[in-house]
Structure formats: structure tokens, C-alpha cells
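Data file: coords_31.csv. Format and content: CSV, C-alpha atoms.
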chain,number,residue,atom,x,y,z
A,1,MET,CA,0.0,0.0,0.0
A,2,LYS,CA,1.5,3.3,-1.1
A,3,LEU,CA,0.6,6.7,0.5
A,4,ALA,CA,1.9,10.1,-0.7
A,5,SER,CA,1.6,13.5,0.9
A,6,TYR,CA,2.1,16.7,-1.1
A,7,ASN,CA,1.8,20.4,-0.3
A,8,ILE,CA,1.0,21.5,-3.9
A,9,GLN,CA,1.2,25.3,-3.3
A,10,TYR,CA,-2.0,26.1,-5.3
A,11,GLY,CA,-0.6,24.1,-8.2
A,12,ILE,CA,2.3,26.5,-8.9
A,13,GLY,CA,5.7,24.9,-9.4
A,14,LEU,CA,9.3,25.9,-8.9
A,15,ASP,CA,9.2,27.4,-12.4
A,16,GLY,CA,6.2,29.6,-11.5
A,17,ARG,CA,3.8,27.7,-13.7
A,18,TYR,CA,0.4,26.4,-12.7
A,19,ASP,CA,0.3,22.8,-13.9
A,20,LEU,CA,-1.9,20.4,-12.0
A,21,LYS,CA,-1.4,17.5,-14.4
A,22,ARG,CA,2.3,17.3,-13.7
A,23,ILE,CA,1.4,17.1,-10.0
A,24,ALA,CA,-1.1,14.3,-10.7
A,25,ASP,CA,1.4,12.5,-12.9
A,26,SER,CA,4.0,12.5,-10.0
A,27,LEU,CA,1.4,10.9,-7.7
A,28,ALA,CA,-0.1,8.4,-10.2
A,29,ASP,CA,1.2,5.3,-8.3
A,30,ALA,CA,-0.2,6.3,-4.9
A,31,ASP,CA,-3.1,4.4,-3.5
A,32,ILE,CA,-3.9,7.1,-1.0
A,33,ILE,CA,-3.0,10.8,-1.6
A,34,LEU,CA,-3.0,13.5,1.1
A,35,LEU,CA,-2.8,17.0,-0.3
A,36,GLN,CA,-2.4,20.5,1.3
A,37,GLU,CA,-2.8,24.0,-0.1
A,38,VAL,CA,-5.7,23.0,-2.4
A,39,THR,CA,-7.7,26.1,-3.4
A,40,ARG,CA,-10.8,27.4,-5.1
A,41,GLY,CA,-11.1,31.1,-6.1
A,42,PHE,CA,-7.5,32.0,-5.5
A,43,SER,CA,-6.1,34.8,-7.6
A,44,ARG,CA,-2.6,33.4,-7.8
A,45,ASN,CA,-3.7,30.4,-9.9
A,46,GLY,CA,-6.4,32.1,-11.9
A,47,ALA,CA,-9.2,31.3,-9.4
A,48,VAL,CA,-9.5,27.8,-10.7
A,49,ASP,CA,-11.4,25.0,-8.9
A,50,MET,CA,-8.6,22.8,-8.0
A,51,VAL,CA,-10.9,20.3,-6.3
A,52,ALA,CA,-12.8,19.7,-9.5
A,53,GLU,CA,-9.6,19.5,-11.6
A,54,LEU,CA,-8.0,17.0,-9.2
A,55,GLU,CA,-11.2,14.8,-9.1
A,56,ALA,CA,-11.1,14.8,-12.9
A,57,LEU,CA,-7.4,13.8,-13.0
A,58,PHE,CA,-8.0,11.0,-10.5
A,59,PRO,CA,-11.3,9.5,-11.8
A,60,HIS,CA,-10.8,6.2,-10.1
A,61,HIS,CA,-10.1,7.7,-6.6
A,62,PHE,CA,-12.7,8.7,-4.0
A,63,SER,CA,-12.2,12.2,-2.6
A,64,SER,CA,-12.8,14.5,0.3
A,65,PHE,CA,-11.9,18.2,0.5
A,66,ALA,CA,-12.2,20.5,3.5
A,67,ALA,CA,-11.6,24.3,3.4
A,68,PRO,CA,-10.9,25.5,7.0
A,69,CYS,CA,-10.3,28.9,5.5
A,70,ASP,CA,-13.4,30.0,3.4
A,71,VAL,CA,-13.9,33.7,2.9
A,72,LEU,CA,-16.1,35.9,0.7
A,73,LEU,CA,-14.2,38.0,-1.9
A,74,GLY,CA,-17.2,39.5,-3.7
A,75,VAL,CA,-20.6,38.9,-5.2
A,76,ASP,CA,-21.5,38.9,-8.9
A,77,GLU,CA,-24.8,38.5,-10.8
A,78,ALA,CA,-25.2,35.8,-13.3
A,79,GLU,CA,-28.5,34.9,-15.1
A,80,GLY,CA,-30.5,36.9,-12.6
A,81,ARG,CA,-29.0,35.4,-9.4
A,82,ALA,CA,-26.3,36.4,-6.9
A,83,VAL,CA,-23.1,34.4,-7.3
A,84,GLU,CA,-20.5,34.5,-4.5
A,85,ARG,CA,-16.8,34.6,-5.3
A,86,ARG,CA,-15.1,32.8,-2.4
A,87,LEU,CA,-11.5,31.9,-1.5
A,88,GLN,CA,-11.2,28.4,-0.2
A,89,PHE,CA,-7.9,27.0,1.1
A,90,GLY,CA,-7.6,23.5,2.5
A,91,ASN,CA,-6.7,19.9,2.5
A,92,MET,CA,-7.8,16.9,0.4
A,93,VAL,CA,-7.7,13.1,0.5
A,94,LEU,CA,-7.9,10.9,-2.5
A,95,SER,CA,-8.2,7.2,-2.2
A,96,ARG,CA,-8.5,4.2,-4.5
A,97,TRP,CA,-10.7,2.6,-1.9
A,98,PRO,CA,-14.0,4.0,-0.3
A,99,MET,CA,-13.9,6.3,2.7
A,100,LEU,CA,-16.1,4.9,5.4
A,101,ALA,CA,-16.2,7.9,7.7
A,102,ILE,CA,-14.7,11.4,7.4
A,103,ARG,CA,-14.2,14.3,9.9
A,104,HIS,CA,-12.9,17.8,9.1
A,105,LEU,CA,-10.9,19.0,12.0
A,106,LEU,CA,-10.3,22.7,12.8
A,107,LEU,CA,-7.0,23.3,14.5
A,108,PRO,CA,-6.5,25.8,17.3
A,109,ARG,CA,-5.4,29.2,16.2
A,110,SER,CA,-5.0,32.8,17.4
A,111,ARG,CA,-5.4,36.2,15.7
A,112,THR,CA,-2.3,37.8,14.2
A,113,PHE,CA,-1.5,41.3,13.3
A,114,GLU,CA,0.5,42.3,10.2
A,115,LYS,CA,1.4,38.6,9.4
A,116,LEU,CA,-1.1,36.4,7.5
A,117,ASN,CA,-2.4,33.5,9.6
A,118,LEU,CA,-5.0,31.2,8.0
A,119,GLN,CA,-7.4,28.9,9.8
A,120,ARG,CA,-5.7,25.5,9.5
A,121,GLY,CA,-7.2,22.1,9.5
A,122,ALA,CA,-6.9,18.3,8.9
A,123,VAL,CA,-9.0,15.9,7.0
A,124,GLU,CA,-9.5,12.6,8.8
A,125,ALA,CA,-10.7,9.6,6.7
A,126,VAL,CA,-11.3,6.0,7.6
A,127,ILE,CA,-10.5,4.1,4.4
A,128,ALA,CA,-11.6,0.5,3.5
A,129,THR,CA,-8.1,-0.8,2.5
A,130,PRO,CA,-7.6,-4.4,1.4
A,131,SER,CA,-5.9,-5.1,4.7
A,132,GLY,CA,-8.7,-3.6,6.7
A,133,PRO,CA,-9.9,-0.1,7.7
A,134,LEU,CA,-7.1,2.5,8.2
A,135,ARG,CA,-7.3,6.0,9.4
A,136,VAL,CA,-5.4,8.7,7.5
A,137,TYR,CA,-5.0,12.4,8.2
A,138,SER,CA,-4.0,15.2,5.7
A,139,VAL,CA,-2.6,17.9,7.9
A,140,HIS,CA,-1.3,21.5,7.5
A,141,LEU,CA,0.0,23.3,10.5
A,142,ASP,CA,0.5,27.0,11.1
A,143,HIS,CA,3.6,28.5,9.4
A,144,VAL,CA,4.1,31.5,11.7
A,145,SER,CA,4.3,30.5,15.4
A,146,PRO,CA,6.0,27.4,17.0
A,147,ASP,CA,3.7,27.9,20.0
A,148,GLU,CA,0.6,27.7,17.8
A,149,ARG,CA,2.0,24.6,16.1
A,150,ILE,CA,2.5,22.9,19.5
A,151,GLU,CA,-1.2,23.6,20.5
A,152,GLN,CA,-2.3,22.2,17.1
A,153,ILE,CA,-0.1,19.1,17.6
A,154,ARG,CA,-1.6,18.5,21.1
A,155,PHE,CA,-5.1,18.8,19.6
A,156,LEU,CA,-4.3,16.4,16.7
A,157,LYS,CA,-2.7,13.9,19.1
A,158,ALA,CA,-5.8,13.9,21.3
A,159,ARG,CA,-8.0,13.3,18.3
A,160,ALA,CA,-5.9,10.5,16.8
A,161,LEU,CA,-4.9,8.7,20.0
A,162,ASN,CA,-8.3,8.9,21.6
A,163,TYR,CA,-10.2,8.2,18.4
A,164,ILE,CA,-11.9,5.0,19.7
A,165,ALA,CA,-12.9,6.6,23.0
A,166,GLU,CA,-14.4,9.6,21.1
A,167,GLY,CA,-16.2,7.4,18.7
A,168,GLY,CA,-14.9,9.0,15.5
A,169,ALA,CA,-17.5,10.5,13.2
A,170,LEU,CA,-20.5,8.4,14.3
A,171,THR,CA,-21.6,5.8,16.8
A,172,GLY,CA,-25.0,4.5,17.9
A,173,ALA,CA,-26.1,4.1,14.3
A,174,GLU,CA,-28.2,1.1,15.1
A,175,GLU,CA,-30.8,3.5,16.5
A,176,PHE,CA,-31.5,4.4,12.9
A,177,GLY,CA,-31.1,1.0,11.4
A,178,PHE,CA,-27.7,1.0,9.8
A,179,ALA,CA,-24.2,-0.2,10.8
A,180,ASN,CA,-21.7,1.8,12.7
A,181,PRO,CA,-18.5,2.6,10.7
A,182,PRO,CA,-15.4,0.9,12.0
A,183,LEU,CA,-13.2,2.5,14.7
A,184,PRO,CA,-9.6,1.4,13.6
A,185,GLU,CA,-6.8,1.9,16.0
A,186,ASP,CA,-4.1,2.2,13.3
A,187,PHE,CA,-3.5,5.5,11.5
A,188,VAL,CA,-1.2,7.4,9.3
A,189,MET,CA,-0.8,11.2,9.7
A,190,MET,CA,1.0,13.0,6.9
A,191,GLY,CA,1.3,16.6,5.7
A,192,ASP,CA,3.0,19.9,5.9
A,193,PHE,CA,3.8,20.4,9.6
A,194,ASN,CA,6.0,23.5,9.1
A,195,MET,CA,8.5,22.1,11.6
A,196,THR,CA,12.0,20.6,11.3
A,197,PRO,CA,13.2,17.3,12.8
A,198,GLU,CA,13.9,17.5,16.6
A,199,SER,CA,12.4,21.0,16.9
A,200,PRO,CA,10.3,21.6,20.0
A,201,GLU,CA,7.1,20.9,18.0
A,202,HIS,CA,8.5,17.7,16.6
A,203,VAL,CA,9.5,16.5,20.1
A,204,GLU,CA,5.9,17.4,21.2
A,205,MET,CA,4.7,14.9,18.6
A,206,VAL,CA,7.1,12.0,19.2
A,207,GLY,CA,8.5,12.6,22.7
A,208,ARG,CA,12.0,13.2,23.9
A,209,THR,CA,14.9,10.8,23.5
A,210,ASP,CA,16.2,9.0,26.5
A,211,SER,CA,19.7,9.3,27.9
A,212,TYR,CA,21.0,7.0,25.1
A,213,GLY,CA,19.5,9.2,22.4
A,214,GLU,CA,16.8,6.7,21.6
A,215,ARG,CA,13.0,6.7,21.5
A,216,VAL,CA,11.0,3.7,22.6
A,217,SER,CA,7.6,3.4,20.9
A,218,ARG,CA,4.8,4.4,23.3
A,219,ALA,CA,1.1,4.3,23.1
A,220,ASN,CA,0.8,8.0,23.9
A,221,GLN,CA,3.3,9.2,21.3
A,222,MET,CA,3.5,9.2,17.5
A,223,VAL,CA,6.2,7.4,15.6
A,224,ASP,CA,8.1,9.4,12.9
A,225,ALA,CA,8.0,6.9,10.0
A,226,CYS,CA,11.0,8.5,8.1
A,227,ALA,CA,13.1,8.5,11.3
A,228,ARG,CA,12.1,5.0,12.1
A,229,LEU,CA,13.2,3.9,8.6
A,230,GLY,CA,16.5,5.9,8.8
A,231,VAL,CA,15.8,8.1,5.9
A,232,VAL,CA,16.0,11.5,7.6
A,233,THR,CA,19.3,13.0,6.4
A,234,PRO,CA,20.5,16.4,5.3
A,235,ASP,CA,19.4,15.4,1.8
A,236,SER,CA,15.8,14.6,2.8
A,237,TYR,CA,14.6,18.2,2.6
A,238,THR,CA,10.9,18.5,1.6
A,239,TRP,CA,10.8,22.3,0.8
A,240,VAL,CA,13.0,24.8,-1.1
A,241,LYS,CA,12.6,28.5,-1.2
A,242,SER,CA,10.8,29.6,-4.4
A,243,PRO,CA,11.7,31.8,-6.1
A,244,GLY,CA,15.3,31.2,-5.1
A,245,ASP,CA,18.5,29.5,-6.0
A,246,GLY,CA,17.5,26.3,-4.2
A,247,THR,CA,20.1,26.7,-1.4
A,248,GLU,CA,17.4,27.4,1.3
A,249,ARG,CA,16.0,24.0,2.1
A,250,MET,CA,14.1,22.5,5.1
A,251,HIS,CA,12.5,19.2,6.1
A,252,LEU,CA,9.0,20.5,6.8
A,253,ASP,CA,6.7,17.6,5.6
A,254,HIS,CA,6.4,14.5,7.8
A,255,CYS,CA,4.7,11.2,8.2
A,256,PHE,CA,3.7,9.8,11.6
A,257,VAL,CA,2.0,6.5,12.5
A,258,ASN,CA,0.7,5.0,15.8
A,259,ALA,CA,3.2,2.7,17.5
A,260,GLN,CA,1.2,-0.5,16.7
A,261,LEU,CA,1.4,0.3,12.9
A,262,ALA,CA,5.2,0.9,13.0
A,263,ALA,CA,5.9,-2.8,12.3
A,264,ARG,CA,4.2,-2.5,8.9
A,265,LEU,CA,6.5,0.3,7.7
A,266,ARG,CA,8.3,-0.8,4.6
A,267,SER,CA,9.9,2.3,3.0
A,268,ALA,CA,9.7,6.1,2.9
A,269,ARG,CA,11.2,8.6,0.5
A,270,VAL,CA,11.1,12.2,-0.7
A,271,ASP,CA,10.6,12.6,-4.5
A,272,HIS,CA,12.9,15.5,-5.5
A,273,GLN,CA,12.0,14.9,-9.2
A,274,ALA,CA,8.6,16.4,-8.7
A,275,LEU,CA,8.8,20.1,-9.5
A,276,GLY,CA,5.1,21.0,-9.3
A,277,SER,CA,5.4,22.9,-6.0
A,278,ASP,CA,7.9,24.5,-3.6
A,279,HIS,CA,7.4,21.3,-1.6
A,280,PHE,CA,8.2,17.8,-2.6
A,281,PRO,CA,6.0,14.7,-2.1
A,282,VAL,CA,6.7,12.4,0.8
A,283,TRP,CA,6.0,8.7,0.1
A,284,LEU,CA,5.3,5.9,2.5
A,285,GLU,CA,4.8,2.2,1.8
A,286,LEU,CA,3.1,-0.1,4.2
A,287,ALA,CA,3.4,-3.9,4.1
Final C-alpha cells representation of the file:
Amino acid sequence: MKLASYNIQYGIGLDGRYDLKRIADSLADADIILLQEVTRGFSRNGAVDMVAELEALFPHHFSSFAAPCDVLLGVDEAEGRAVERRLQFGNMVLSRWPMLAIRHLLLPRSRTFEKLNLQRGAVEAVIATPSGPLRVYSVHLDHVSPDERIEQIRFLKARALNYIAEGGALTGAEEFGFANPPLPEDFVMMGDFNMTPESPEHVEMVGRTDSYGERVSRANQMVDACARLGVVTPDSYTWVKSPGDGTERMHLDHCFVNAQLAARLRSARVDHQALGSDHFPVWLELA
């Protein structure tokens, strides 16, 4: 099973061109795709409906889009009725297999002055994979404040690790005569976390190392899949400054799993051949 996470920066690549097809081509082999910075009505990419375009480019995938940032830009009149022009900015999940239950999670945020701060979110989907139901999360954290990212991480960990106790999207469905969706313990959380390895936010997610510099898998902490597989290196950057000369690089995009799923980790990599964004896709394969 192959999963890929990609912050696609409104479809605009390192060359400044909007080209959603090249993004789709770079993700063609993925069974589950987790996207960030998907937009509708954004001036920088011609106000295209990226959701509709992506669904057309992946006709055999199921999809869910959530726009935690959704604001009115103006109102026009067309054929005698008012038509809103809205800016929507959010995350998307595409899956070869049906999504059995979905939640759109709004992450904690605080008001900023003089520096843009969007409402951030995560799409949570329970997917009917061939090996059983699996939870996935497409995540995009704040890019301004480490303190805000820590609050968002605490919120996400509470939702992911307490999923069964909370009941996910729906329980008690027998009252209305249909089956409850499954409540799988295993999950994969991928996306643009806007944090670097071993930063305070990263440690908040995975816990501190012990006196030997090691981390023991624990039920109350996430497992960094790339670190577990030994592929976090100076060359595993997932973002480059654009426009720029490519020398400013950071590892901002990550993949986390619950401790029980770690045994199924097979491989992880960053695809530096994909040039459709200022980020690069992060791939994960599960046995």
C-alpha cells in the first residue's frame, strides 16, 4: 500500500507555472494521496477550482476536501441570481478505496496582526483498504508560530490517540437501522507540519529521546516513519525557497503513525524529481 503527501502550493511549481497535471502524474502510483494548499477562487492560480480538476485527474479515486479557510471575496450577478466569489484554502484526501467515515478537524489558532495567519485544519478519513480499515490524516499546521503549532499538535494527538474513545464521526447508528462505521486503531498522519526534525514541535509529537539518544515506541506518542526507517538526512529536505536558488532547504513535511502500525513500515522517501510545487511529495509504503 502506497501513500503520498504533497503540499501542492495552489498548483504552482518551482518554475512559476500552474500545472496540476504534472502534479497528478507525479502521484499516479499512490493508493492514498494526502494534499495540502488546495484552493478554489485564489487569484494566484487564476481562481481555478482545484478540487474539480483533481477529481477529474483521478477518476478512479474517491475524494474528500475541506476548506478550513473559506472567505467571501465578492458577489457577482449571473443569469438573474447572486453568485459568490469565495476563496477556499484547505486539504484533500484521494483514495483508491472508499472512505467509510470522514471528519474535518479545525485546528487551534490565534489572531495575528500584520502577518497572515489562516485557519488550519486536517482531513481525517477511515479508508476501507484491502488489509482492513485504516485512518489517514491530511494535515497542514501554522507557518508563523511554534507555540501555535504545539497547540495544534496537542489537539491532533488527542483526536488521533483517543479516536476509539471519542467514537470518530458516528456511533449509535443502530438506532437508525444502519451499521456503525469501524473504529480502527491504526492511523497514518501526513502533511506539511511546518517544523523541522527535533524542533520543539517535533518533540511534542514524538516525545523526547532517552539518555542514550533513543526513542521507545509508546502508546501516547507518534512514531516518525521516516526517522524509524532511517531516511532523515541532510538530503531529505521537503521544501525549497521559491523563487530562489535552491540553497534554502528544510524538512517540513512529515509522516507519523501509531506505535502499533510501525511494524508494517516498509519504505519512505522524498521525491525530488517532482517540481510542481515548492514542496516535494513524501511517500510511505506499508506492508
Check: Of the candidates A:Trp97, A:Ala47, A:Leu141, A:Ala52, which one gets nearest to Leu73 of chain A if we count all atoms listed in the file?
Finding: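 Closest to Leu73 of chain A, using all atoms listed in the file: A:Ala47.
Proximity of A:Asp253, A:Asp192, A:Asp278, A:Asp31 to Tyr10 of chain A, computed with only C-alpha atoms, is greatest for A:Asp278.
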Item checked: Polymer residues at most 8 Å from Cys226 of chain A, all atoms listed in the file, same-chain spacing of 5 or more positions, as a PyMOL selection string -> chain A and resi 231-232+254-255+268-269
Margin query: If we count all atoms listed in the file and set the cut-off at 8 Å, which residues sit around Ser267 of chain A, ignoring sequence neighbours fewer than 3 positions away in its own chain? Please answer as JSON, numbers by chain.
Written below: {"A": [229, 284, 285, 286]}
Note to self: Give me the residues near Ser43 of chain A as a PyMOL selection string, where near means some atom within 12 Å (using all atoms listed in the file) and where sequence neighbours in that chain fewer than 6 positions away do not count.
What the structure shows: chain A and resi 10+12+18+49+73+85-89
Next item on the list: Kindly provide, as JSON, numbers by chain, the polymer residues lying within 12 Å of (-2.9, 29.0, -10.6), counting only C-alpha atoms and using the coordinates exactly as they appear in the file.
Entry: {"A": [8, 9, 10, 11, 12, 13, 16, 17, 18, 19, 20, 37, 38, 39, 40, 41, 42, 43, 44, 45, 46, 47, 48, 49, 50, 53, 276, 277]}
Next item on the list: Work out how far atom CA of Ala67 of chain A is from atom CA of Ile23 of chain A, in Å to one decimal.
Entry: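 Interatomic distance, atom CA of Ile23 of chain A to atom CA of Ala67 of chain A: 20.0 Å.
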Notebook entry, point to check: Excluding same-chain residues fewer than 6 positions from Ala30 of chain A, what lies within 7 Å of it counting only C-alpha atoms, as an MDAnalysis selection string?
Noted result: chainID A and resid 2:4
Item checked: For Arg120 of chain A, the nearest of the candidates A:Ala24, A:Val136, A:Ala169, A:Val144, counting only C-alpha atoms ->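 Once distances to Arg120 of chain A are computed over only C-alpha atoms, the minimum belongs to A:Val144.
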For segment 207-222 of chain A, list every protein, DNA or RNA residue within 7 Å, evaluated using all atoms listed in the file, and leave out those in the same chain fewer than 5 positions away; present the list as a tab-separated table (two decimals) with C-alpha atoms, in the frame of the given file.
chain	number	residue	atom	x	y	z
A	161	LEU	CA	-4.90	8.70	20.00
A	256	PHE	CA	3.70	9.80	11.60
A	257	VAL	CA	2.00	6.50	12.50
A	258	ASN	CA	0.70	5.00	15.80
A	259	ALA	CA	3.20	2.70	17.50
Item checked: Coordinates-based distance that separates atom CA of Gly244 of chain A from atom CA of Val93 of chain A (Å, one decimal) -> 29.8 Å
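Coordinates place atom CA of Gln152 of chain A at a distance of 22.3 Å from atom CA of Pro184 of chain A.
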Item checked: For Leu106 of chain A, the nearest of the candidates A:Val75, A:Leu118, A:Met190, A:Ala227, counting only C-alpha atoms ->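 Residue with the minimum atom-to-atom distance to Leu106 of chain A: A:Leu118.
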Next item on the list: Point out the residue among A:Ile102, A:Ile153, A:Gly191, A:Leu57 with the least atom-to-atom distance to Asp25 of chain A, counting only C-alpha atoms.
Entry: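 Checking each candidate against Asp25 of chain A, we get A:Leu57 as the closest.
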Next item on the list: Could you tell me which of A:Met195, A:Ala66, A:Leu94, A:Met99 comes closest to Leu54 of chain A if we count only C-alpha atoms?
Entry: A:Leu94
Rebuild N, CA and C atoms on segment 205-230 of chain A, as a PDB file, in the coordinates of the input?
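And here is the file that came out, part.pdb:
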ATOM      1  N   MET A 205       5.426  15.975  19.299  1.00  0.00           N
ATOM      2  CA  MET A 205       4.700  14.900  18.600  1.00  0.00           C
ATOM      3  C   MET A 205       5.241  13.523  18.953  1.00  0.00           C
ATOM      4  N   VAL A 206       6.554  13.359  19.028  1.00  0.00           N
ATOM      5  CA  VAL A 206       7.100  12.000  19.200  1.00  0.00           C
ATOM      6  C   VAL A 206       7.743  11.739  20.531  1.00  0.00           C
ATOM      7  N   GLY A 207       7.858  12.752  21.368  1.00  0.00           N
ATOM      8  CA  GLY A 207       8.500  12.600  22.700  1.00  0.00           C
ATOM      9  C   GLY A 207       9.978  12.781  22.634  1.00  0.00           C
ATOM     10  N   ARG A 208      10.557  13.010  23.802  1.00  0.00           N
ATOM     11  CA  ARG A 208      12.000  13.200  23.900  1.00  0.00           C
ATOM     12  C   ARG A 208      12.758  11.911  23.840  1.00  0.00           C
ATOM     13  N   THR A 209      14.012  11.991  23.424  1.00  0.00           N
ATOM     14  CA  THR A 209      14.900  10.800  23.500  1.00  0.00           C
ATOM     15  C   THR A 209      15.309  10.547  24.895  1.00  0.00           C
ATOM     16  N   ASP A 210      15.728   9.306  25.149  1.00  0.00           N
ATOM     17  CA  ASP A 210      16.200   9.000  26.500  1.00  0.00           C
ATOM     18  C   ASP A 210      17.709   9.339  26.578  1.00  0.00           C
ATOM     19  N   SER A 211      18.342   8.956  27.662  1.00  0.00           N
ATOM     20  CA  SER A 211      19.700   9.300  27.900  1.00  0.00           C
ATOM     21  C   SER A 211      20.689   8.689  26.883  1.00  0.00           C
ATOM     22  N   TYR A 212      20.199   7.696  26.141  1.00  0.00           N
ATOM     23  CA  TYR A 212      21.000   7.000  25.100  1.00  0.00           C
ATOM     24  C   TYR A 212      20.691   7.595  23.716  1.00  0.00           C
ATOM     25  N   GLY A 213      19.863   8.635  23.648  1.00  0.00           N
ATOM     26  CA  GLY A 213      19.500   9.200  22.400  1.00  0.00           C
ATOM     27  C   GLY A 213      18.542   8.388  21.565  1.00  0.00           C
ATOM     28  N   GLU A 214      17.771   7.536  22.239  1.00  0.00           N
ATOM     29  CA  GLU A 214      16.800   6.700  21.600  1.00  0.00           C
ATOM     30  C   GLU A 214      15.396   6.980  21.976  1.00  0.00           C
ATOM     31  N   ARG A 215      14.457   6.561  21.132  1.00  0.00           N
ATOM     32  CA  ARG A 215      13.000   6.700  21.500  1.00  0.00           C
ATOM     33  C   ARG A 215      12.410   5.303  21.474  1.00  0.00           C
ATOM     34  N   VAL A 216      11.726   4.991  22.542  1.00  0.00           N
ATOM     35  CA  VAL A 216      11.000   3.700  22.600  1.00  0.00           C
ATOM     36  C   VAL A 216       9.546   4.033  22.220  1.00  0.00           C
ATOM     37  N   SER A 217       8.992   3.201  21.350  1.00  0.00           N
ATOM     38  CA  SER A 217       7.600   3.400  20.900  1.00  0.00           C
ATOM     39  C   SER A 217       6.666   3.328  22.106  1.00  0.00           C
ATOM     40  N   ARG A 218       5.776   4.298  22.187  1.00  0.00           N
ATOM     41  CA  ARG A 218       4.800   4.400  23.300  1.00  0.00           C
ATOM     42  C   ARG A 218       3.429   4.621  22.761  1.00  0.00           C
ATOM     43  N   ALA A 219       2.450   4.165  23.510  1.00  0.00           N
ATOM     44  CA  ALA A 219       1.100   4.300  23.100  1.00  0.00           C
ATOM     45  C   ALA A 219       0.598   5.740  23.060  1.00  0.00           C
ATOM     46  N   ASN A 220       1.246   6.613  23.831  1.00  0.00           N
ATOM     47  CA  ASN A 220       0.800   8.000  23.900  1.00  0.00           C
ATOM     48  C   ASN A 220       1.653   8.941  23.039  1.00  0.00           C
ATOM     49  N   GLN A 221       2.481   8.385  22.148  1.00  0.00           N
ATOM     50  CA  GLN A 221       3.300   9.200  21.300  1.00  0.00           C
ATOM     51  C   GLN A 221       3.192   8.677  19.830  1.00  0.00           C
ATOM     52  N   MET A 222       3.461   9.573  18.888  1.00  0.00           N
ATOM     53  CA  MET A 222       3.500   9.200  17.500  1.00  0.00           C
ATOM     54  C   MET A 222       4.902   8.612  17.168  1.00  0.00           C
ATOM     55  N   VAL A 223       4.963   7.866  16.079  1.00  0.00           N
ATOM     56  CA  VAL A 223       6.200   7.400  15.600  1.00  0.00           C
ATOM     57  C   VAL A 223       6.507   8.103  14.244  1.00  0.00           C
ATOM     58  N   ASP A 224       7.668   8.734  14.145  1.00  0.00           N
ATOM     59  CA  ASP A 224       8.100   9.400  12.900  1.00  0.00           C
ATOM     60  C   ASP A 224       8.546   8.291  11.955  1.00  0.00           C
ATOM     61  N   ALA A 225       7.771   8.054  10.889  1.00  0.00           N
ATOM     62  CA  ALA A 225       8.000   6.900  10.000  1.00  0.00           C
ATOM     63  C   ALA A 225       9.391   7.070   9.296  1.00  0.00           C
ATOM     64  N   CYS A 226       9.716   8.277   8.832  1.00  0.00           N
ATOM     65  CA  CYS A 226      11.000   8.500   8.100  1.00  0.00           C
ATOM     66  C   CYS A 226      12.167   8.266   9.060  1.00  0.00           C
ATOM     67  N   ALA A 227      12.066   8.757  10.294  1.00  0.00           N
ATOM     68  CA  ALA A 227      13.100   8.500  11.300  1.00  0.00           C
ATOM     69  C   ALA A 227      13.266   7.074  11.610  1.00  0.00           C
ATOM     70  N   ARG A 228      12.128   6.404  11.780  1.00  0.00           N
ATOM     71  CA  ARG A 228      12.100   5.000  12.100  1.00  0.00           C
ATOM     72  C   ARG A 228      12.845   4.167  11.013  1.00  0.00           C
ATOM     73  N   LEU A 229      12.642   4.584   9.771  1.00  0.00           N
ATOM     74  CA  LEU A 229      13.200   3.900   8.600  1.00  0.00           C
ATOM     75  C   LEU A 229      14.627   4.381   8.297  1.00  0.00           C
ATOM     76  N   GLY A 230      15.108   5.380   9.033  1.00  0.00           N
ATOM     77  CA  GLY A 230      16.500   5.900   8.800  1.00  0.00           C
ATOM     78  C   GLY A 230      16.689   6.677   7.596  1.00  0.00           C
TER      79      GLY A 230
END
